[in-house]
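Enquirer: Mind looking over this structure? Questions follow.
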Amino acid sequence: MVEAVVGANWGDEGKGKITDMLAENADIIVRFQGGANAGHTIVNKYGKFALHTLPSGVFYQHTTSVIGSGVALNIPILINEIKSITDRGVPMPKILVSDRAQIVMSYHILLDQYEEERLAGKSYGSTKSGIAPFYSDKYAKIGFQVSELWDDAVLEEKADKICTLKNVLFEHLYHKEPLKKEDLMEELHGYREMIAPYVCDVSAFLDQALREQKTILLEGQLGSLKDPDHGIYPMVTSSSTLAGFGAIGAGVPPYEIRKIVTVCKAYSSAVGAGEFVSEIFGDEADELRRRGGDGGEFGATTGRPRRMGWFDCVASRYGCRVQGTTDVAFTVLDVLGYLDEIPVCVAYEIDGEETRDFPTTARLGRAKPVWKTLPGWKCEIRGIRRYEDLPENCRAYIEFIEEQIGYPITMISNGPGREDIIYR
Ligand code: GDP
């Protein structure tokens with residue numbers, strides 16, 4: 001059977017921790033979309049790690065970690081990441097990379113940087129990892145697939161085409177050095193050496209695993225609101241963040257995805273530009289940012305301070321719906337223990353009307369939060385393992401949010417560690 005772990009919001013909901021935890025009872029963990037542009041933070045017996053490309057199951061010896069065809073594969077980052085964990089005492093994980101995955105090239109990263117420079121203040125807040133140029137090229141059918149690395153004739157022909165196309169932009173739009181075919185060939189040959197030990201027909205491997213009754217976990221990156229179709233377009237990422245896309249980006253039958261665990265954080269945070277209705281500012285935001293996550297709310301990849309807000313029921317209900325949620329994992333609840341009162345955004349006011357339906361981007365820009373304030377519980381809840389042992393106001397907060405979003409909260413995370421979890 002296949003289970004997916006995905007985010008309900010803007011990302012950074014704590015998916016890494018939930019995946020690492022669920023991976024204990026899984027056989028295979030698959031990354032199915034995105035690239036090294038976002039990260040998961042995981043705390044376990046080996047230490048604290050920020051993973052960007054590897055699935056969050058790499059810390060177990062019984063699991064196989066898979067990079068599916070839907071991923072934007074940055075080969076040097078993958079190789080460095082493997083080294084960075086094995087250097088710190090983690091046993092060498094079993095890693096497979098889809099022969100159909102496509103490769104993030106150095107010119108994708110340059111294009112991302114040059115475009116952000118050109119847009120200056122009007123940029124999308126890209127992490128400049130080449131993700132948007134990569135996916136544009138994939139769908140324009142000029143990308144390099146891993147399988148092609150062993151066919152020099154194909155590589156030569158494609159490299160020529162890339163130089164012709166991209167150099168128009170490099171020279172005339174960005175006024176930079178043009179690409180050289182020899183450099184591209186050298187880069188591709190380097191990647192061939194680096195990736196060779198891991199390449200595999202991933203969908204055939206997963207098909208066999210399903211026949212053997214293995215459990216496969218699909219690990220999503222970012223969250224519903226960053227999905228190019230259902231999110232806050234254009235301030236979205238370039239690949240689908242939804243569990244449904246897991247079937248494609250991993251290569252498993254859609255009907256095999258039986259459980260969709262949508263991770264929702266007990267307050268909101270976002271990185272980069274884009275509409276964020278329940279955003280808070282000033283001291284209120286600074287305090288939440290400082291206390292948030294595990295050592296503050298700063299991007300796992302970029303170190304950028306995250307934008308902060310209170311829980312948004314409108315966005316989260318929508319985020320859970322578009323994922324096809326079966327279970328909600330409600331995370332980072334321990335952080336809210338310092339508050340006397342906790343505001344929650346229960347509706348949006350748009351052009352004088354109140355709504356609980358998440359609107360398209362233009363209307364979202366005019367939305368104002370409608371707040372309801374719940375009492376805080378004013379104590380530390382880390383270490384609690386049973387739902388009944390949580391303070392009454394804390395249970396009331398969880399139950400209020402569950403009712404608002406309309407999906408069952410079956411797991412509550414009250415600390416960054418694997419064992420900080422309450423099943424309900
Ligand atoms: P992801 O991309 O969805 O995996 O999220 P990140 O890893 O970027 O951000 C989540 C942060 O919160 C990380 O620093 C985690 O270690 C931390 N975290 C996860 N769950 C909890 C929790 O229940 N309590 C606390 N305090 N921190 C948590």
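Labeling convention for the structure tokens: chains A, B, ... as they appear, residues from 1 per chain, ligands from 1 in order of appearance.
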Excluding stretch 111-113 of chain A and its own-chain neighbours fewer than 6 positions away, which residues fall within 9 Å of it when counting only C-alpha atoms? Please give them as a JSON list (two decimals) with N, CA, C and O atoms, in the first residue's frame.
Expert:
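Saved file around_21.json follows:
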```json
[["chain", "number", "residue", "atom", "x", "y", "z"],
["A", 126, "SER", "N", 12.31, 33.51, -5.55],
["A", 126, "SER", "CA", 12.82, 32.18, -5.86],
["A", 126, "SER", "C", 14.04, 31.88, -5.00],
["A", 126, "SER", "O", 14.76, 32.78, -4.58],
["A", 127, "THR", "N", 14.26, 30.59, -4.73],
["A", 127, "THR", "CA", 15.46, 30.21, -3.97],
["A", 127, "THR", "C", 16.66, 30.11, -4.90],
["A", 127, "THR", "O", 17.75, 29.74, -4.48],
["A", 128, "LYS", "N", 16.47, 30.40, -6.15],
["A", 128, "LYS", "CA", 17.53, 30.41, -7.17],
["A", 128, "LYS", "C", 18.22, 29.06, -7.31],
["A", 128, "LYS", "O", 19.42, 28.98, -7.51],
["A", 129, "SER", "N", 17.45, 28.00, -7.19],
["A", 129, "SER", "CA", 18.03, 26.66, -7.37],
["A", 129, "SER", "C", 17.74, 26.12, -8.76],
["A", 129, "SER", "O", 17.95, 24.94, -9.02],
["A", 130, "GLY", "N", 17.20, 26.96, -9.63],
["A", 130, "GLY", "CA", 16.99, 26.53, -11.02],
["A", 130, "GLY", "C", 15.71, 25.75, -11.24],
["A", 130, "GLY", "O", 15.51, 25.16, -12.31],
["A", 131, "ILE", "N", 14.83, 25.73, -10.25],
["A", 131, "ILE", "CA", 13.66, 24.86, -10.34],
["A", 131, "ILE", "C", 12.68, 25.31, -11.44],
["A", 131, "ILE", "O", 12.22, 24.48, -12.23],
["A", 132, "ALA", "N", 12.37, 26.59, -11.49],
["A", 132, "ALA", "CA", 11.41, 27.06, -12.52],
["A", 132, "ALA", "C", 11.98, 26.86, -13.94],
["A", 132, "ALA", "O", 11.31, 26.27, -14.79],
["A", 133, "PRO", "N", 13.23, 27.28, -14.21],
["A", 133, "PRO", "CA", 13.78, 27.00, -15.55],
["A", 133, "PRO", "C", 13.86, 25.50, -15.86],
["A", 133, "PRO", "O", 13.62, 25.08, -16.98],
["A", 166, "LYS", "N", 19.31, 28.95, -25.43],
["A", 166, "LYS", "CA", 19.59, 29.68, -24.19],
["A", 166, "LYS", "C", 20.50, 30.88, -24.43],
["A", 166, "LYS", "O", 20.42, 31.86, -23.69],
["A", 169, "LEU", "N", 18.98, 34.27, -24.71],
["A", 169, "LEU", "CA", 18.70, 34.90, -23.41],
["A", 169, "LEU", "C", 19.98, 35.36, -22.72],
["A", 169, "LEU", "O", 20.06, 36.49, -22.23],
["A", 170, "PHE", "N", 20.97, 34.47, -22.70],
["A", 170, "PHE", "CA", 22.21, 34.80, -21.99],
["A", 170, "PHE", "C", 22.83, 36.08, -22.56],
["A", 170, "PHE", "O", 23.22, 36.97, -21.82],
["A", 174, "TYR", "N", 20.15, 38.95, -20.76],
["A", 174, "TYR", "CA", 20.88, 39.12, -19.50],
["A", 174, "TYR", "C", 22.28, 39.72, -19.65],
["A", 174, "TYR", "O", 22.91, 40.07, -18.66]]
```
Enquirer: What residues of the protein or nucleic acid chains come within 6 Å of ligand 1 when you use only C-alpha atoms and all ligand atoms? Reply as number ranges by chain.
Expert: A: 11-17, 39-43, 293-294, 300, 331-335, 413-416
Enquirer: Using only C-alpha atoms, which residues sit within 9 Å of stretch 269-278 of chain A once same-chain residues fewer than 3 positions away are excluded, as a ChimeraX atom specification?
Expert: /A:9-13,123-127,232-236,265,289,297-299,304-312,315,344-345,348,361,364-371
Enquirer: Atoms to include: N, CA and C atoms. Write the selected residues as a compact mmCIF listing (two decimals), in the first residue's frame.
Expert:
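Written out: again_38.txt:
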```txt
# COMPACT_ATOMS: atom_id res chain seq x y z
N ASN A 9 -0.37 23.71 3.68
CA ASN A 9 -0.27 25.16 3.57
C ASN A 9 0.84 25.61 2.63
N TRP A 10 1.79 26.40 3.15
CA TRP A 10 2.83 27.00 2.32
C TRP A 10 4.14 26.23 2.40
N GLY A 11 4.13 25.09 3.05
CA GLY A 11 5.36 24.34 3.30
C GLY A 11 5.84 24.56 4.72
N ASP A 12 6.89 23.83 5.12
CA ASP A 12 7.46 23.95 6.47
C ASP A 12 6.48 23.58 7.57
N GLU A 13 5.58 22.67 7.26
CA GLU A 13 4.59 22.26 8.25
C GLU A 13 5.14 21.22 9.22
N SER A 123 10.60 40.32 -7.97
CA SER A 123 10.87 38.90 -8.12
C SER A 123 9.85 38.05 -7.34
N TYR A 124 9.86 36.76 -7.66
CA TYR A 124 8.93 35.83 -7.02
C TYR A 124 9.49 35.28 -5.71
N GLY A 125 10.69 35.72 -5.36
CA GLY A 125 11.30 35.18 -4.14
C GLY A 125 11.78 33.77 -4.37
N SER A 126 12.31 33.51 -5.55
CA SER A 126 12.82 32.18 -5.86
C SER A 126 14.04 31.88 -5.00
N THR A 127 14.26 30.59 -4.73
CA THR A 127 15.46 30.21 -3.97
C THR A 127 16.66 30.11 -4.90
N ILE A 232 -1.64 29.49 -4.88
CA ILE A 232 -1.78 30.94 -5.02
C ILE A 232 -0.99 31.43 -6.23
N TYR A 233 -1.32 30.87 -7.39
CA TYR A 233 -0.63 31.20 -8.65
C TYR A 233 -0.64 32.72 -8.86
N PRO A 234 0.48 33.34 -9.26
CA PRO A 234 1.75 32.75 -9.69
C PRO A 234 2.79 32.55 -8.59
N MET A 235 2.45 32.83 -7.34
CA MET A 235 3.44 32.69 -6.27
C MET A 235 3.47 31.23 -5.80
N VAL A 236 3.70 30.34 -6.71
CA VAL A 236 3.65 28.91 -6.42
C VAL A 236 4.99 28.30 -6.81
N LYS A 265 0.41 22.86 10.46
CA LYS A 265 1.10 23.40 11.64
C LYS A 265 0.10 24.18 12.49
N ARG A 289 8.21 33.76 15.73
CA ARG A 289 9.30 33.28 14.87
C ARG A 289 10.46 32.73 15.71
N GLU A 297 11.87 29.97 13.32
CA GLU A 297 11.31 29.75 11.99
C GLU A 297 12.18 30.45 10.95
N PHE A 298 13.20 29.73 10.50
CA PHE A 298 14.08 30.22 9.44
C PHE A 298 14.20 29.13 8.41
N GLY A 299 14.22 29.50 7.12
CA GLY A 299 14.21 28.51 6.04
C GLY A 299 15.32 27.48 6.17
N ARG A 304 16.44 32.06 5.41
CA ARG A 304 15.64 33.30 5.43
C ARG A 304 14.63 33.25 6.57
N PRO A 305 14.39 34.40 7.26
CA PRO A 305 13.34 34.39 8.29
C PRO A 305 11.99 34.14 7.61
N ARG A 306 11.20 33.25 8.20
CA ARG A 306 9.88 32.95 7.63
C ARG A 306 8.88 34.03 8.02
N ARG A 307 7.92 34.29 7.16
CA ARG A 307 6.80 35.18 7.49
C ARG A 307 5.89 34.39 8.43
N MET A 308 5.32 35.06 9.43
CA MET A 308 4.56 34.35 10.46
C MET A 308 3.11 34.78 10.47
N GLY A 309 2.25 33.88 10.92
CA GLY A 309 0.83 34.20 11.05
C GLY A 309 0.15 33.23 12.00
N TRP A 310 -1.09 33.55 12.36
CA TRP A 310 -1.87 32.62 13.18
C TRP A 310 -2.51 31.57 12.28
N PHE A 311 -3.08 30.55 12.87
CA PHE A 311 -3.66 29.45 12.10
C PHE A 311 -4.78 29.99 11.21
N ASP A 312 -4.77 29.53 9.96
CA ASP A 312 -5.76 29.99 8.99
C ASP A 312 -6.68 28.82 8.63
N ALA A 315 -7.65 28.66 4.70
CA ALA A 315 -6.59 28.11 3.84
C ALA A 315 -6.34 26.64 4.16
N VAL A 344 -7.21 32.87 15.90
CA VAL A 344 -7.33 31.92 14.79
C VAL A 344 -8.15 32.62 13.71
N CYS A 345 -7.71 32.51 12.47
CA CYS A 345 -8.46 33.12 11.37
C CYS A 345 -9.55 32.13 10.93
N TYR A 348 -12.66 34.80 5.83
CA TYR A 348 -12.08 35.97 5.17
C TYR A 348 -13.22 36.94 4.89
N THR A 361 -6.48 33.90 -6.61
CA THR A 361 -5.47 34.85 -6.12
C THR A 361 -5.93 36.31 -6.10
N LEU A 364 -8.12 36.84 -3.26
CA LEU A 364 -7.34 36.58 -2.05
C LEU A 364 -6.57 37.83 -1.63
N GLY A 365 -6.11 38.59 -2.62
CA GLY A 365 -5.36 39.82 -2.35
C GLY A 365 -6.20 40.85 -1.60
N ARG A 366 -7.52 40.74 -1.71
CA ARG A 366 -8.39 41.72 -1.02
C ARG A 366 -8.96 41.16 0.28
N ALA A 367 -8.58 39.93 0.60
CA ALA A 367 -9.17 39.28 1.79
C ALA A 367 -8.57 39.81 3.09
N LYS A 368 -9.45 40.03 4.06
CA LYS A 368 -9.00 40.43 5.41
C LYS A 368 -9.39 39.30 6.37
N PRO A 369 -8.53 39.03 7.34
CA PRO A 369 -8.85 37.92 8.25
C PRO A 369 -9.98 38.26 9.21
N VAL A 370 -10.84 37.29 9.47
CA VAL A 370 -11.84 37.40 10.53
C VAL A 370 -11.33 36.53 11.67
N TRP A 371 -11.08 37.14 12.83
CA TRP A 371 -10.43 36.42 13.92
C TRP A 371 -11.42 35.88 14.94
```
Enquirer: Work out how far apart atom CA of A:Tyr338 and atom CA of A:Gly282 are and give it in Å to one decimal.
Expert: 17.2 Å
Enquirer: Excluding same-chain residues fewer than 3 positions from stretch 403-406 of chain A, what lies within 8 Å of it counting only C-alpha atoms, as a PyMOL selection string?
Expert: chain A and resi 313-314+316-318+320+346+399-400
Enquirer: Skipping near chain neighbours, those fewer than 4 positions away, what residues fall within 8 Å of stretch 215-220 of chain A using only C-alpha atoms, listed as a list in words?
Expert: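 Contacts, in chain order: Met1, Val2, Glu3, Ala4, Val5, Val6, Gly7, Lys15, Thr19, Ala23, Asn25, Ala26, Asp27, Ile28, Ile29, Val30, Arg31, Phe32, Gln33, Pro55, Ser56, Ala209, Leu210, Thr241, Leu242, Ala243, Gly246 and Ala250 of chain A.
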Enquirer: Please list as a PyMOL selection string every residue within 12 Å of A:Lys45, counting only C-alpha atoms and excluding residues in the same chain fewer than 5 positions away.
Expert: chain A and resi 20+59-60+88-90+416-419
Enquirer: Leaving out A:Val252 and any residue of its chain fewer than 4 positions from it, which residues lie within 7 Å of it when counting only C-alpha atoms, given as a list in words?
Expert: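 Returned residues: Ser203, Leu206, Asp207, Ala247 and Ile248 of chain A.
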Enquirer: Next, dump the selected residues to file, keeping only N, CA and C atoms, as an mmCIF file, in the first residue's frame.
Expert:
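Printed below is again.cif as written:
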```cif
data_model
loop_
_atom_site.group_PDB
_atom_site.id
_atom_site.type_symbol
_atom_site.label_atom_id
_atom_site.label_comp_id
_atom_site.auth_asym_id
_atom_site.auth_seq_id
_atom_site.Cartn_x
_atom_site.Cartn_y
_atom_site.Cartn_z
ATOM 1 N N SER A 203 9.621 2.849 -11.480
ATOM 2 C CA SER A 203 8.221 2.420 -11.456
ATOM 3 C C SER A 203 8.128 0.895 -11.481
ATOM 4 N N LEU A 206 8.839 -0.167 -7.902
ATOM 5 C CA LEU A 206 7.699 0.075 -7.010
ATOM 6 C C LEU A 206 6.557 -0.908 -7.307
ATOM 7 N N ASP A 207 6.382 -1.257 -8.569
ATOM 8 C CA ASP A 207 5.354 -2.228 -8.948
ATOM 9 C C ASP A 207 5.639 -3.566 -8.260
ATOM 10 N N ALA A 247 1.253 9.846 -7.536
ATOM 11 C CA ALA A 247 1.108 8.671 -8.399
ATOM 12 C C ALA A 247 1.971 8.823 -9.648
ATOM 13 N N ILE A 248 2.046 10.034 -10.152
ATOM 14 C CA ILE A 248 2.777 10.289 -11.395
ATOM 15 C C ILE A 248 4.274 10.453 -11.123
#
```
Enquirer: Where does DSSP see helix (DSSP H, G or I) in stretch 70-304 of chain A, if you list the residues as a PDB file with C-alpha atoms, in the first residue's frame?
Expert:
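Saved file part17.pdb follows:
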```pdb
ATOM      1  CA  ILE A  75      23.119  15.518  -8.963  1.00  0.00           C
ATOM      2  CA  PRO A  76      25.980  17.332  -7.118  1.00  0.00           C
ATOM      3  CA  ILE A  77      23.589  18.306  -4.317  1.00  0.00           C
ATOM      4  CA  LEU A  78      22.371  14.716  -4.012  1.00  0.00           C
ATOM      5  CA  ILE A  79      25.909  13.332  -3.860  1.00  0.00           C
ATOM      6  CA  ASN A  80      26.982  15.939  -1.286  1.00  0.00           C
ATOM      7  CA  GLU A  81      23.927  15.246   0.798  1.00  0.00           C
ATOM      8  CA  ILE A  82      24.675  11.520   0.880  1.00  0.00           C
ATOM      9  CA  LYS A  83      28.219  12.357   1.980  1.00  0.00           C
ATOM     10  CA  SER A  84      27.046  14.867   4.583  1.00  0.00           C
ATOM     11  CA  ILE A  85      24.931  12.282   6.380  1.00  0.00           C
ATOM     12  CA  THR A  86      27.385   9.368   6.113  1.00  0.00           C
ATOM     13  CA  SER A 106      24.085  24.570 -14.085  1.00  0.00           C
ATOM     14  CA  TYR A 107      22.458  26.841 -16.689  1.00  0.00           C
ATOM     15  CA  HIS A 108      19.069  26.372 -15.012  1.00  0.00           C
ATOM     16  CA  ILE A 109      20.561  27.810 -11.842  1.00  0.00           C
ATOM     17  CA  LEU A 110      22.158  30.687 -13.768  1.00  0.00           C
ATOM     18  CA  LEU A 111      18.877  31.436 -15.531  1.00  0.00           C
ATOM     19  CA  ASP A 112      17.113  31.549 -12.187  1.00  0.00           C
ATOM     20  CA  GLN A 113      19.717  33.940 -10.757  1.00  0.00           C
ATOM     21  CA  TYR A 114      19.791  36.205 -13.805  1.00  0.00           C
ATOM     22  CA  GLU A 115      16.008  36.382 -13.956  1.00  0.00           C
ATOM     23  CA  GLU A 116      15.754  37.293 -10.276  1.00  0.00           C
ATOM     24  CA  GLU A 117      18.382  40.008 -10.863  1.00  0.00           C
ATOM     25  CA  ARG A 118      16.450  41.311 -13.855  1.00  0.00           C
ATOM     26  CA  LEU A 119      13.154  41.399 -11.957  1.00  0.00           C
ATOM     27  CA  ALA A 120      14.873  43.017  -8.989  1.00  0.00           C
ATOM     28  CA  GLY A 121      12.185  44.103  -6.493  1.00  0.00           C
ATOM     29  CA  LYS A 122       9.398  42.369  -8.457  1.00  0.00           C
ATOM     30  CA  ILE A 131      13.660  24.863 -10.341  1.00  0.00           C
ATOM     31  CA  ALA A 132      11.407  27.055 -12.525  1.00  0.00           C
ATOM     32  CA  PRO A 133      13.781  27.005 -15.555  1.00  0.00           C
ATOM     33  CA  PHE A 134      14.203  23.246 -15.031  1.00  0.00           C
ATOM     34  CA  TYR A 135      10.474  22.457 -15.119  1.00  0.00           C
ATOM     35  CA  SER A 136       9.912  24.915 -17.993  1.00  0.00           C
ATOM     36  CA  ASP A 137      12.496  22.989 -20.024  1.00  0.00           C
ATOM     37  CA  LYS A 138      11.070  19.626 -19.002  1.00  0.00           C
ATOM     38  CA  TYR A 139       7.653  20.536 -20.382  1.00  0.00           C
ATOM     39  CA  VAL A 146      19.002  10.527 -16.596  1.00  0.00           C
ATOM     40  CA  SER A 147      18.691   7.619 -19.079  1.00  0.00           C
ATOM     41  CA  GLU A 148      20.132   9.819 -21.831  1.00  0.00           C
ATOM     42  CA  LEU A 149      23.439  10.249 -20.019  1.00  0.00           C
ATOM     43  CA  TRP A 150      24.647   7.025 -21.657  1.00  0.00           C
ATOM     44  CA  ASP A 152      26.490  10.635 -26.398  1.00  0.00           C
ATOM     45  CA  ALA A 153      24.800  11.225 -29.746  1.00  0.00           C
ATOM     46  CA  VAL A 154      21.607  12.350 -28.007  1.00  0.00           C
ATOM     47  CA  LEU A 155      23.558  14.496 -25.547  1.00  0.00           C
ATOM     48  CA  GLU A 156      25.497  16.235 -28.353  1.00  0.00           C
ATOM     49  CA  GLU A 157      22.368  17.010 -30.304  1.00  0.00           C
ATOM     50  CA  LYS A 158      20.515  18.321 -27.280  1.00  0.00           C
ATOM     51  CA  ALA A 159      23.493  20.349 -26.033  1.00  0.00           C
ATOM     52  CA  ASP A 160      23.661  22.083 -29.422  1.00  0.00           C
ATOM     53  CA  LYS A 161      19.989  22.927 -29.262  1.00  0.00           C
ATOM     54  CA  ILE A 162      20.309  24.241 -25.697  1.00  0.00           C
ATOM     55  CA  CYS A 163      23.200  26.546 -26.665  1.00  0.00           C
ATOM     56  CA  THR A 164      21.215  27.961 -29.585  1.00  0.00           C
ATOM     57  CA  LEU A 165      18.113  28.598 -27.509  1.00  0.00           C
ATOM     58  CA  LYS A 166      19.587  29.684 -24.195  1.00  0.00           C
ATOM     59  CA  ASN A 167      22.312  31.886 -25.628  1.00  0.00           C
ATOM     60  CA  VAL A 168      19.698  34.253 -27.020  1.00  0.00           C
ATOM     61  CA  LEU A 169      18.697  34.896 -23.414  1.00  0.00           C
ATOM     62  CA  PHE A 170      22.209  34.803 -21.995  1.00  0.00           C
ATOM     63  CA  GLU A 171      23.592  37.302 -24.502  1.00  0.00           C
ATOM     64  CA  HIS A 172      20.692  39.556 -25.387  1.00  0.00           C
ATOM     65  CA  LEU A 173      18.437  39.579 -22.342  1.00  0.00           C
ATOM     66  CA  LYS A 181      28.644  23.069 -25.847  1.00  0.00           C
ATOM     67  CA  GLU A 182      31.949  21.531 -24.618  1.00  0.00           C
ATOM     68  CA  ASP A 183      31.197  22.732 -21.089  1.00  0.00           C
ATOM     69  CA  LEU A 184      27.723  21.215 -21.181  1.00  0.00           C
ATOM     70  CA  MET A 185      29.135  17.888 -22.408  1.00  0.00           C
ATOM     71  CA  GLU A 186      31.727  17.907 -19.644  1.00  0.00           C
ATOM     72  CA  GLU A 187      29.041  18.640 -17.065  1.00  0.00           C
ATOM     73  CA  LEU A 188      26.851  15.803 -18.375  1.00  0.00           C
ATOM     74  CA  HIS A 189      29.731  13.307 -18.414  1.00  0.00           C
ATOM     75  CA  GLY A 190      30.539  14.264 -14.815  1.00  0.00           C
ATOM     76  CA  TYR A 191      26.913  13.589 -13.834  1.00  0.00           C
ATOM     77  CA  ARG A 192      27.015  10.196 -15.583  1.00  0.00           C
ATOM     78  CA  GLU A 193      29.862   9.065 -13.328  1.00  0.00           C
ATOM     79  CA  MET A 194      28.244  10.444 -10.192  1.00  0.00           C
ATOM     80  CA  ILE A 195      24.752   9.043 -10.641  1.00  0.00           C
ATOM     81  CA  ALA A 196      25.562   5.639 -12.208  1.00  0.00           C
ATOM     82  CA  PRO A 197      25.474   3.608  -8.955  1.00  0.00           C
ATOM     83  CA  TYR A 198      21.910   4.698  -8.154  1.00  0.00           C
ATOM     84  CA  VAL A 202      11.797   3.117 -10.367  1.00  0.00           C
ATOM     85  CA  SER A 203       8.221   2.420 -11.456  1.00  0.00           C
ATOM     86  CA  ALA A 204       9.089  -1.245 -12.137  1.00  0.00           C
ATOM     87  CA  PHE A 205      10.776  -1.432  -8.713  1.00  0.00           C
ATOM     88  CA  LEU A 206       7.699   0.075  -7.010  1.00  0.00           C
ATOM     89  CA  ASP A 207       5.354  -2.228  -8.948  1.00  0.00           C
ATOM     90  CA  GLN A 208       7.292  -5.248  -7.696  1.00  0.00           C
ATOM     91  CA  ALA A 209       7.295  -3.844  -4.159  1.00  0.00           C
ATOM     92  CA  LEU A 210       3.515  -3.447  -4.219  1.00  0.00           C
ATOM     93  CA  ARG A 211       3.147  -7.042  -5.404  1.00  0.00           C
ATOM     94  CA  SER A 224      -1.136  22.734  -1.172  1.00  0.00           C
ATOM     95  CA  LEU A 225      -1.006  26.517  -1.495  1.00  0.00           C
ATOM     96  CA  LYS A 226       2.214  26.288  -3.541  1.00  0.00           C
ATOM     97  CA  ALA A 243      -0.694  13.731  -3.146  1.00  0.00           C
ATOM     98  CA  GLY A 244      -2.493  12.973  -6.419  1.00  0.00           C
ATOM     99  CA  PHE A 245       0.635  13.919  -8.310  1.00  0.00           C
ATOM    100  CA  GLY A 246       2.518  11.396  -6.181  1.00  0.00           C
ATOM    101  CA  ALA A 247       1.108   8.671  -8.399  1.00  0.00           C
ATOM    102  CA  ILE A 248       2.777  10.289 -11.395  1.00  0.00           C
ATOM    103  CA  GLY A 249       5.989  11.643  -9.918  1.00  0.00           C
ATOM    104  CA  ALA A 250       6.748   8.312  -8.222  1.00  0.00           C
ATOM    105  CA  GLY A 251       5.122   6.005 -10.767  1.00  0.00           C
ATOM    106  CA  PRO A 254      -3.372   6.256  -8.146  1.00  0.00           C
ATOM    107  CA  TYR A 255      -5.735   3.759  -6.478  1.00  0.00           C
ATOM    108  CA  GLU A 256      -2.853   2.369  -4.397  1.00  0.00           C
ATOM    109  CA  GLY A 282       6.132  43.377  14.534  1.00  0.00           C
ATOM    110  CA  ASP A 283       6.834  42.057  18.019  1.00  0.00           C
ATOM    111  CA  GLU A 284       3.980  39.554  17.884  1.00  0.00           C
ATOM    112  CA  ALA A 285       5.523  37.945  14.773  1.00  0.00           C
ATOM    113  CA  ASP A 286       9.095  38.188  16.073  1.00  0.00           C
ATOM    114  CA  GLU A 287       8.237  36.341  19.236  1.00  0.00           C
ATOM    115  CA  LEU A 288       6.424  33.527  17.389  1.00  0.00           C
ATOM    116  CA  ARG A 289       9.298  33.284  14.872  1.00  0.00           C
ATOM    117  CA  ARG A 290      11.871  33.067  17.645  1.00  0.00           C
ATOM    118  CA  ARG A 291       9.946  30.400  19.561  1.00  0.00           C
TER     119      ARG A 291
END
```
Enquirer: Smallest atom-to-atom distance to A:Leu336: which of A:Thr237, A:Asn393, A:Thr302, A:Thr360, using only C-alpha atoms?
Expert: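 Among A:Thr237, A:Asn393, A:Thr302, A:Thr360, it is A:Asn393 that comes nearest to A:Leu336.
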Enquirer: Provide the atom CA of A:Ser238 to atom CA of A:Val263 distance in Å, to one decimal place.
Expert: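 For atom CA of A:Ser238 relative to atom CA of A:Val263, the distance reads 20.4 Å.
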Enquirer: Mind giving me the straight-line distance from atom CA of A:Gln323 to atom CA of A:Lys259 in Å, one decimal?
Expert: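 Computing the Euclidean distance for atom CA of A:Gln323 and atom CA of A:Lys259 yields 10.8 Å.
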